[in-house]
>>> print(open('model.txt').read())   # compact mmCIF, C-alpha atoms
# COMPACT_ATOMS: atom_id res chain seq x y z
CA MET Y 1 11.99 -11.89 -6.82
CA ILE Y 2 10.68 -14.00 -4.02
CA ALA Y 3 12.44 -17.12 -2.89
CA TRP Y 4 9.95 -19.92 -2.72
CA ARG Y 5 10.34 -21.80 0.54
CA TYR Y 6 10.48 -25.51 -0.12
CA LEU Y 7 9.48 -28.05 2.49
CA VAL Y 8 12.02 -30.85 2.60
CA THR Y 9 12.55 -33.87 4.75
CA SER Y 10 15.39 -33.73 7.24
CA GLY Y 11 16.57 -37.26 6.60
CA LEU Y 12 15.77 -40.71 5.32
CA ILE Y 13 13.14 -42.87 6.93
CA SER Y 14 14.64 -46.01 8.41
CA LEU Y 15 13.08 -49.33 7.51
CA ILE Y 16 11.48 -51.15 10.41
CA SER Y 17 13.66 -54.13 11.22
CA VAL Y 18 12.12 -57.51 11.70
CA GLY Y 19 12.67 -58.86 15.16
CA CYS Y 20 11.14 -60.62 18.13
CA SER Y 21 8.12 -58.61 19.20
CA ASN Y 22 4.55 -59.21 19.94
CA SER Y 23 1.87 -58.51 17.35
CA GLN Y 24 0.67 -55.33 19.11
CA ASN Y 25 4.10 -53.66 18.89
CA SER Y 26 4.48 -54.77 15.27
CA SER Y 27 1.15 -53.23 14.38
CA ALA Y 28 2.06 -49.94 16.04
CA GLU Y 29 5.40 -49.84 14.22
CA ASN Y 30 3.71 -50.50 10.88
CA ALA Y 31 1.24 -47.70 11.53
CA GLN Y 32 4.12 -45.34 12.36
CA GLN Y 33 5.90 -46.29 9.12
CA ILE Y 34 2.78 -45.62 7.05
CA LEU Y 35 2.34 -42.22 8.75
CA GLN Y 36 5.95 -41.28 8.05
CA GLU Y 37 5.70 -42.35 4.42
CA ASN Y 38 2.52 -40.33 3.98
CA ASN Y 39 4.25 -37.28 5.45
CA VAL Y 40 7.14 -37.63 3.02
CA SER Y 41 4.72 -37.99 0.12
CA GLN Y 42 2.89 -34.83 1.22
CA LEU Y 43 6.14 -32.88 1.56
CA LEU Y 44 7.31 -33.94 -1.89
CA THR Y 45 3.95 -32.97 -3.37
CA GLU Y 46 4.18 -29.50 -1.79
CA GLU Y 47 7.69 -29.10 -3.18
CA GLU Y 48 6.49 -30.03 -6.65
CA VAL Y 49 3.58 -27.59 -6.40
CA HIS Y 50 5.87 -24.77 -5.30
CA GLN Y 51 8.26 -25.58 -8.12
CA LYS Y 52 5.42 -25.37 -10.61
CA ALA Y 53 4.40 -21.99 -9.21
CA GLU Y 54 7.99 -20.75 -9.45
CA ASN Y 55 8.24 -21.94 -13.05
CA LEU Y 56 5.06 -20.06 -13.90
CA LEU Y 57 6.42 -16.96 -12.18
CA HIS Y 58 9.59 -17.08 -14.31
CA GLN Y 59 7.51 -17.71 -17.42
CA GLY Y 60 5.30 -14.71 -16.65
CA ASN Y 61 8.34 -12.52 -16.04
CA SER Y 62 9.80 -13.51 -19.41
CA PHE Y 63 6.55 -12.59 -21.11
CA LEU Y 64 6.44 -9.32 -19.19
CA ASP Y 65 9.99 -8.42 -20.25
CA THR Y 66 9.04 -8.94 -23.91
CA LYS Y 67 5.76 -7.02 -23.52
CA ARG Y 68 3.59 -10.08 -24.08
CA TYR Y 69 1.27 -8.81 -21.40
CA GLN Y 70 -1.70 -11.12 -21.97
CA ASP Y 71 0.54 -14.19 -21.89
CA ALA Y 72 2.19 -12.86 -18.74
CA LEU Y 73 -1.20 -12.34 -17.11
CA THR Y 74 -2.22 -15.91 -17.94
CA ALA Y 75 0.98 -17.28 -16.41
CA TYR Y 76 0.60 -15.20 -13.24
CA ASP Y 77 -3.04 -16.22 -12.84
CA ARG Y 78 -2.06 -19.88 -13.09
CA ALA Y 79 0.68 -19.38 -10.51
CA ILE Y 80 -1.65 -17.50 -8.15
CA ALA Y 81 -4.10 -20.41 -8.32
CA ILE Y 82 -1.28 -22.44 -6.75
CA ARG Y 83 0.29 -19.79 -4.50
CA PHE Y 84 -2.41 -17.28 -3.60
CA ASP Y 85 -0.38 -15.56 -0.88
CA SER Y 86 2.55 -14.38 -3.03
CA ALA Y 87 2.97 -10.60 -3.04
CA GLU Y 88 5.45 -10.95 -5.92
CA LEU Y 89 2.90 -12.67 -8.13
CA TRP Y 90 0.18 -10.13 -7.39
CA THR Y 91 2.59 -7.25 -8.07
CA ASN Y 92 3.75 -8.65 -11.40
CA ARG Y 93 0.16 -9.48 -12.32
CA GLY Y 94 -0.60 -5.80 -11.76
CA ASN Y 95 2.26 -4.87 -14.07
CA ALA Y 96 0.86 -7.10 -16.81
CA LEU Y 97 -2.54 -5.45 -16.40
CA THR Y 98 -0.92 -2.02 -16.48
CA GLY Y 99 0.78 -3.02 -19.73
CA LEU Y 100 -2.68 -3.89 -21.07
CA GLN Y 101 -3.94 -0.49 -19.84
CA ARG Y 102 -6.40 -2.24 -17.54
CA TYR Y 103 -5.53 0.13 -14.75
CA GLU Y 104 -8.41 -0.41 -12.34
CA GLU Y 105 -7.75 -4.15 -12.33
CA ALA Y 106 -4.05 -3.46 -11.90
CA LEU Y 107 -4.72 -1.34 -8.83
CA LYS Y 108 -6.69 -4.17 -7.25
CA SER Y 109 -3.79 -6.51 -7.90
CA TYR Y 110 -1.29 -4.11 -6.31
CA LYS Y 111 -3.56 -3.65 -3.30
CA LYS Y 112 -3.72 -7.41 -2.89
CA ALA Y 113 0.09 -7.55 -2.92
CA ILE Y 114 0.28 -4.79 -0.33
CA ALA Y 115 -2.28 -6.54 1.88
CA ILE Y 116 -0.07 -9.62 1.85
CA GLN Y 117 3.20 -7.70 2.29
CA PRO Y 118 2.70 -4.06 3.35
CA ASN Y 119 6.43 -3.27 3.15
CA LYS Y 120 6.81 -4.35 -0.50
CA ASP Y 121 8.21 -1.19 -2.06
CA GLU Y 122 7.80 -2.55 -5.61
CA ALA Y 123 4.05 -2.87 -5.18
CA TRP Y 124 3.72 0.73 -3.95
CA PHE Y 125 5.97 2.00 -6.74
CA ASP Y 126 4.11 0.12 -9.47
CA GLN Y 127 0.80 1.28 -8.01
CA GLY Y 128 2.10 4.84 -8.33
CA ASN Y 129 2.93 4.23 -11.99
CA ALA Y 130 -0.57 2.93 -12.70
CA LEU Y 131 -2.12 5.92 -10.92
CA SER Y 132 0.08 8.28 -12.95
CA ALA Y 133 -1.10 6.59 -16.15
CA MET Y 134 -4.65 7.35 -14.98
CA ASN Y 135 -3.70 11.02 -14.39
CA ARG Y 136 -4.34 10.53 -10.67
CA TYR Y 137 -1.16 12.36 -9.80
CA GLN Y 138 -1.84 13.17 -6.16
CA ASP Y 139 -2.65 9.55 -5.43
CA ALA Y 140 0.48 8.59 -7.34
CA VAL Y 141 2.59 10.85 -5.13
CA THR Y 142 1.10 9.15 -2.07
CA ALA Y 143 2.03 5.73 -3.45
CA TYR Y 144 5.57 6.86 -4.30
CA ASN Y 145 5.91 8.28 -0.79
CA GLU Y 146 5.08 4.86 0.61
CA ALA Y 147 7.68 3.20 -1.61
CA ILE Y 148 10.29 5.74 -0.53
CA ALA Y 149 9.40 5.35 3.15
CA ILE Y 150 10.21 1.65 2.78
CA LYS Y 151 13.29 2.09 0.58
CA SER Y 152 14.70 5.60 0.78
CA ASP Y 153 17.31 5.03 -1.94
CA LYS Y 154 14.75 3.97 -4.55
CA LYS Y 155 15.86 6.48 -7.16
CA GLU Y 156 13.17 5.56 -9.70
CA ALA Y 157 10.50 6.38 -7.11
CA TRP Y 158 12.05 9.79 -6.48
CA ILE Y 159 12.10 10.49 -10.23
CA ASN Y 160 8.52 9.38 -10.87
CA ARG Y 161 7.39 11.26 -7.78
CA GLY Y 162 8.98 14.35 -9.33
CA ILE Y 163 7.11 13.78 -12.60
CA ALA Y 164 3.78 13.48 -10.77
CA LEU Y 165 4.51 16.65 -8.77
CA THR Y 166 5.44 18.47 -11.99
CA LYS Y 167 2.09 17.43 -13.48
CA LEU Y 168 0.46 18.97 -10.39
CA GLN Y 169 2.54 22.12 -11.04
CA HIS Y 170 4.28 21.68 -7.69
CA TYR Y 171 7.53 22.63 -9.36
CA LYS Y 172 9.67 23.30 -6.30
CA GLU Y 173 8.75 19.98 -4.67
CA ALA Y 174 9.33 18.18 -7.94
CA LEU Y 175 12.82 19.63 -8.27
CA ALA Y 176 13.61 18.56 -4.72
CA SER Y 177 12.52 15.03 -5.66
CA TYR Y 178 14.77 14.96 -8.73
CA ASN Y 179 17.67 16.30 -6.68
CA GLN Y 180 17.13 13.56 -4.13
CA ALA Y 181 17.42 10.99 -6.92
CA LEU Y 182 20.65 12.66 -8.06
CA SER Y 183 22.04 12.51 -4.53
CA ILE Y 184 21.70 8.72 -4.83
CA ASN Y 185 23.26 8.60 -8.30
CA GLN Y 186 24.67 11.77 -9.83
CA ASN Y 187 24.61 10.32 -13.36
CA LEU Y 188 20.86 9.79 -13.68
CA ASP Y 189 20.08 11.10 -17.15
CA GLN Y 190 16.32 10.81 -16.49
CA ALA Y 191 16.60 13.16 -13.52
CA TYR Y 192 18.44 15.83 -15.50
CA TYR Y 193 16.01 15.58 -18.40
CA ASN Y 194 12.99 15.90 -16.15
CA LYS Y 195 14.56 18.81 -14.33
CA ALA Y 196 14.99 20.47 -17.73
CA CYS Y 197 11.29 19.86 -18.46
CA ASN Y 198 10.37 21.34 -15.09
CA TYR Y 199 12.38 24.52 -15.69
CA ALA Y 200 11.08 24.81 -19.26
CA LEU Y 201 7.49 24.76 -17.99
CA GLN Y 202 8.48 27.66 -15.75
CA ASN Y 203 10.10 29.42 -18.75
CA ASN Y 204 13.51 29.38 -17.08
CA VAL Y 205 15.74 29.18 -20.14
CA GLU Y 206 19.11 29.10 -18.40
CA LEU Y 207 18.35 26.20 -16.08
CA THR Y 208 16.46 24.36 -18.82
CA ILE Y 209 19.54 24.40 -21.04
CA GLU Y 210 21.92 23.57 -18.18
CA ASN Y 211 20.01 20.42 -17.20
CA LEU Y 212 19.15 19.34 -20.73
CA GLN Y 213 22.83 19.63 -21.62
CA ARG Y 214 23.70 17.28 -18.74
CA ALA Y 215 21.14 14.75 -19.97
CA ILE Y 216 22.43 14.99 -23.55
CA GLN Y 217 26.01 14.53 -22.37
CA LEU Y 218 24.98 11.25 -20.76
CA VAL Y 219 22.72 9.93 -23.57
CA PRO Y 220 23.10 12.22 -26.62
CA ASP Y 221 20.80 10.82 -29.31
CA LYS Y 222 17.93 9.94 -27.00
CA TYR Y 223 17.51 13.36 -25.41
CA ARG Y 224 18.14 15.42 -28.52
CA GLN Y 225 15.32 13.50 -30.18
CA LEU Y 226 12.98 13.68 -27.18
CA ALA Y 227 13.52 17.38 -26.57
CA GLY Y 228 12.84 18.07 -30.22
CA THR Y 229 9.20 17.00 -29.88
CA ASP Y 230 8.44 17.18 -26.14
CA PRO Y 231 5.71 19.81 -25.56
CA ASP Y 232 7.18 20.59 -22.15
CA PHE Y 233 9.81 22.65 -23.98
CA ASP Y 234 7.37 24.73 -26.02
CA LYS Y 235 7.97 27.88 -23.94
CA VAL Y 236 11.71 27.83 -24.68
CA ARG Y 237 11.69 26.23 -28.12
CA SER Y 238 12.29 29.50 -29.97
CA ASN Y 239 15.45 30.19 -27.99
CA LEU Y 240 18.51 29.94 -30.25
CA ARG Y 241 20.68 28.19 -27.65
CA PHE Y 242 17.99 25.58 -27.12
CA GLN Y 243 17.73 24.99 -30.85
CA GLN Y 244 21.47 24.58 -31.19
CA LEU Y 245 21.59 22.17 -28.26
CA ILE Y 246 19.12 19.72 -29.76
CA LYS Y 247 20.60 19.69 -33.29
>>> encode(input="model.txt", output="structure tokens")
Amino acid sequence: MIAWRYLVTSGLISLISVGCSNSQNSSAENAQQILQENNVSQLLTEEEVHQKAENLLHQGNSFLDTKRYQDALTAYDRAIAIRFDSAELWTNRGNALTGLQRYEEALKSYKKAIAIQPNKDEAWFDQGNALSAMNRYQDAVTAYNEAIAIKSDKKEAWINRGIALTKLQHYKEALASYNQALSINQNLDQAYYNKACNYALQNNVELTIENLQRAIQLVPDKYRQLAGTDPDFDKVRSNLRFQQLIK
């Protein structure tokens, strides 16, 4: 999340004291007071505007978390009308559009975020996810590479990069990507499961079972159920050990 930068006054404005002075000095002092008061008014207005944009950002994020994507999009659009140069808003707007399966529009939103903040790893990562949803796997790999170049320990980018590479049948590179994620966190159930899928597509029964077993040990019900219907395991599904593992 971005931290909105509020503009605040550094102190109170002192009242002009009444004293012995000529009319010219008094006029100048009055003018200075009016200028200072106008500046304070402007600063307070900017603070209120930024607060409104922040409130809309939080509102959009709440909608996004509950999959109310259209409501989230509306909130982000209202916030962007106030704060056009927020990479966070453009990124989350892209996520709302991705949730609505409006992928081309989402990509434009991510690109806008990246134009504002080129080193925003979240924007590159989310762009990769949208490209993967469009089956543009090579472009997705490129986006994930950018995210990883910015934040090398972004384990979710390494995993999704591995999925995209598996879709491209670049199995060895995909496995290296999953292993990189596991070097960051050795208990990543998603990495073990996707490694199992990778080996199953290559009809490597032993390594399929080894990695699927690790995933099931971490999250039993989830991966037994997934493996039972996942077409990636079709080549090994008749194997008795595989069948016993997913019971």
>>> atom_distance(input="model.txt", atom1="atom CA of Y:Thr166", atom2="atom CA of Y:Lys154")
18.8 Å
>>> closest_residue(input="model.txt", among="Y:Val205, Y:Ile159, Y:Leu168, Y:Ala196", to="Y:Leu182", atoms="all atoms listed in the file")
Y:Ile159
>>> residues_near_point(input="model.txt", point="(-1.5, -2.4, -4.4)", cutoff="10 Å", atoms="all atoms listed in the file", output="list in words")
Ala87, Trp90, Thr91, Gly94, Ala106, Leu107, Lys108, Ser109, Tyr110, Lys111, Lys112, Ala113, Ile114, Ala115, Ile116, Gln117, Pro118, Lys120, Glu122, Ala123, Trp124, Phe125, Asp126, Gln127, Gly128, Ala130 and Ala143 of chain Y
>>> residues_around(input="model.txt", residues="Y:Thr74", least_positions_apart="2", cutoff="12 Å", atoms="all atoms listed in the file", output="PyMOL selection string")
chain Y and resi 56-57+59-61+63-64+68-72+76-81+89+92-94+96-97
>>> residues_around(input="model.txt", residues="Y:Ile150", least_positions_apart="4", cutoff="7 Å", atoms="all atoms listed in the file", output="list of chain:residue names")
Y:Asn119, Y:Asp121, Y:Glu146
>>> write_last_selection(input="model.txt", atoms="C-alpha atoms", output="mmCIF file, in the frame of the given file")
data_model
loop_
_atom_site.group_PDB
_atom_site.id
_atom_site.type_symbol
_atom_site.label_atom_id
_atom_site.label_comp_id
_atom_site.auth_asym_id
_atom_site.auth_seq_id
_atom_site.Cartn_x
_atom_site.Cartn_y
_atom_site.Cartn_z
ATOM 1 C CA ASN Y 119 6.430 -3.270 3.150
ATOM 2 C CA ASP Y 121 8.210 -1.190 -2.060
ATOM 3 C CA GLU Y 146 5.080 4.860 0.610
#
>>> closest_residue(input="model.txt", among="Y:Lys155, Y:Arg237, Y:Lys167, Y:Arg161", to="Y:Ser183", atoms="all atoms listed in the file")
Y:Lys155
>>> atom_distance(input="model.txt", atom1="atom CA of Y:His170", atom2="atom CA of Y:Tyr199")
11.7 Å
>>> closest_residue(input="model.txt", among="Y:Asn185, Y:Ala191, Y:Leu226, Y:Val236", to="Y:Asn204", atoms="all atoms listed in the file")
Y:Val236
>>> residues_near_point(input="model.txt", point="(23.3, 17.3, -31.0)", cutoff="10 Å", atoms="only C-alpha atoms", output="VMD selection string")
chain Y and resid 213 216 to 217 220 to 225 243 to 247
>>> atom_distance(input="model.txt", atom1="atom CA of Y:Ala164", atom2="atom CA of Y:Tyr137")
5.2 Å
>>> closest_residue(input="model.txt", among="Y:Asp85, Y:Gln169, Y:Lys67, Y:Ala75", to="Y:Thr98", atoms="all atoms listed in the file")
Y:Lys67
>>> axis_aligned_box(input="model.txt", around="stretch 98-112 of chain Y", padding_each_side="8 Å", output="AutoDock Vina command-line options")
--center_x -3.8 --center_y -3.6 --center_z -12.0 --size_x 25.2 --size_y 23.5 --size_z 34.2
>>> closest_residue(input="model.txt", among="Y:Lys235, Y:Arg214, Y:Lys52, Y:Arg102", to="Y:Gln186", atoms="all atoms listed in the file")
Y:Arg214
>>> closest_residue(input="model.txt", among="Y:Val219, Y:Leu212, Y:Leu240, Y:Leu188", to="Y:Glu156", atoms="all atoms listed in the file")
Y:Leu188
>>> decode(input="model.txt", residues="stretch 44-57 of chain Y", atoms="N, CA and C atoms", output="compact mmCIF listing (two decimals), in the first residue's frame")
# COMPACT_ATOMS: atom_id res chain seq x y z
N LEU Y 44 -4.93 22.67 3.72
CA LEU Y 44 -5.97 21.86 4.34
C LEU Y 44 -6.86 21.20 3.30
N THR Y 45 -7.15 21.93 2.23
CA THR Y 45 -7.96 21.36 1.15
C THR Y 45 -7.24 20.19 0.49
N GLU Y 46 -5.93 20.31 0.26
CA GLU Y 46 -5.17 19.22 -0.34
C GLU Y 46 -5.14 18.00 0.59
N GLU Y 47 -5.02 18.26 1.88
CA GLU Y 47 -5.05 17.15 2.84
C GLU Y 47 -6.39 16.43 2.80
N GLU Y 48 -7.47 17.18 2.73
CA GLU Y 48 -8.80 16.58 2.68
C GLU Y 48 -8.98 15.77 1.40
N VAL Y 49 -8.47 16.29 0.29
CA VAL Y 49 -8.58 15.59 -0.99
C VAL Y 49 -7.79 14.28 -0.94
N HIS Y 50 -6.58 14.33 -0.39
CA HIS Y 50 -5.77 13.12 -0.30
C HIS Y 50 -6.41 12.11 0.64
N GLN Y 51 -7.03 12.58 1.69
CA GLN Y 51 -7.72 11.68 2.61
C GLN Y 51 -8.89 10.99 1.92
N LYS Y 52 -9.59 11.73 1.10
CA LYS Y 52 -10.71 11.15 0.35
C LYS Y 52 -10.21 10.07 -0.60
N ALA Y 53 -9.09 10.36 -1.27
CA ALA Y 53 -8.52 9.38 -2.19
C ALA Y 53 -8.08 8.13 -1.44
N GLU Y 54 -7.49 8.31 -0.26
CA GLU Y 54 -7.06 7.17 0.54
C GLU Y 54 -8.26 6.35 0.99
N ASN Y 55 -9.32 7.01 1.39
CA ASN Y 55 -10.53 6.30 1.81
C ASN Y 55 -11.10 5.47 0.66
N LEU Y 56 -11.08 6.04 -0.54
CA LEU Y 56 -11.57 5.31 -1.70
C LEU Y 56 -10.66 4.13 -2.04
N LEU Y 57 -9.36 4.31 -1.84
CA LEU Y 57 -8.43 3.20 -2.05
C LEU Y 57 -8.75 2.05 -1.10
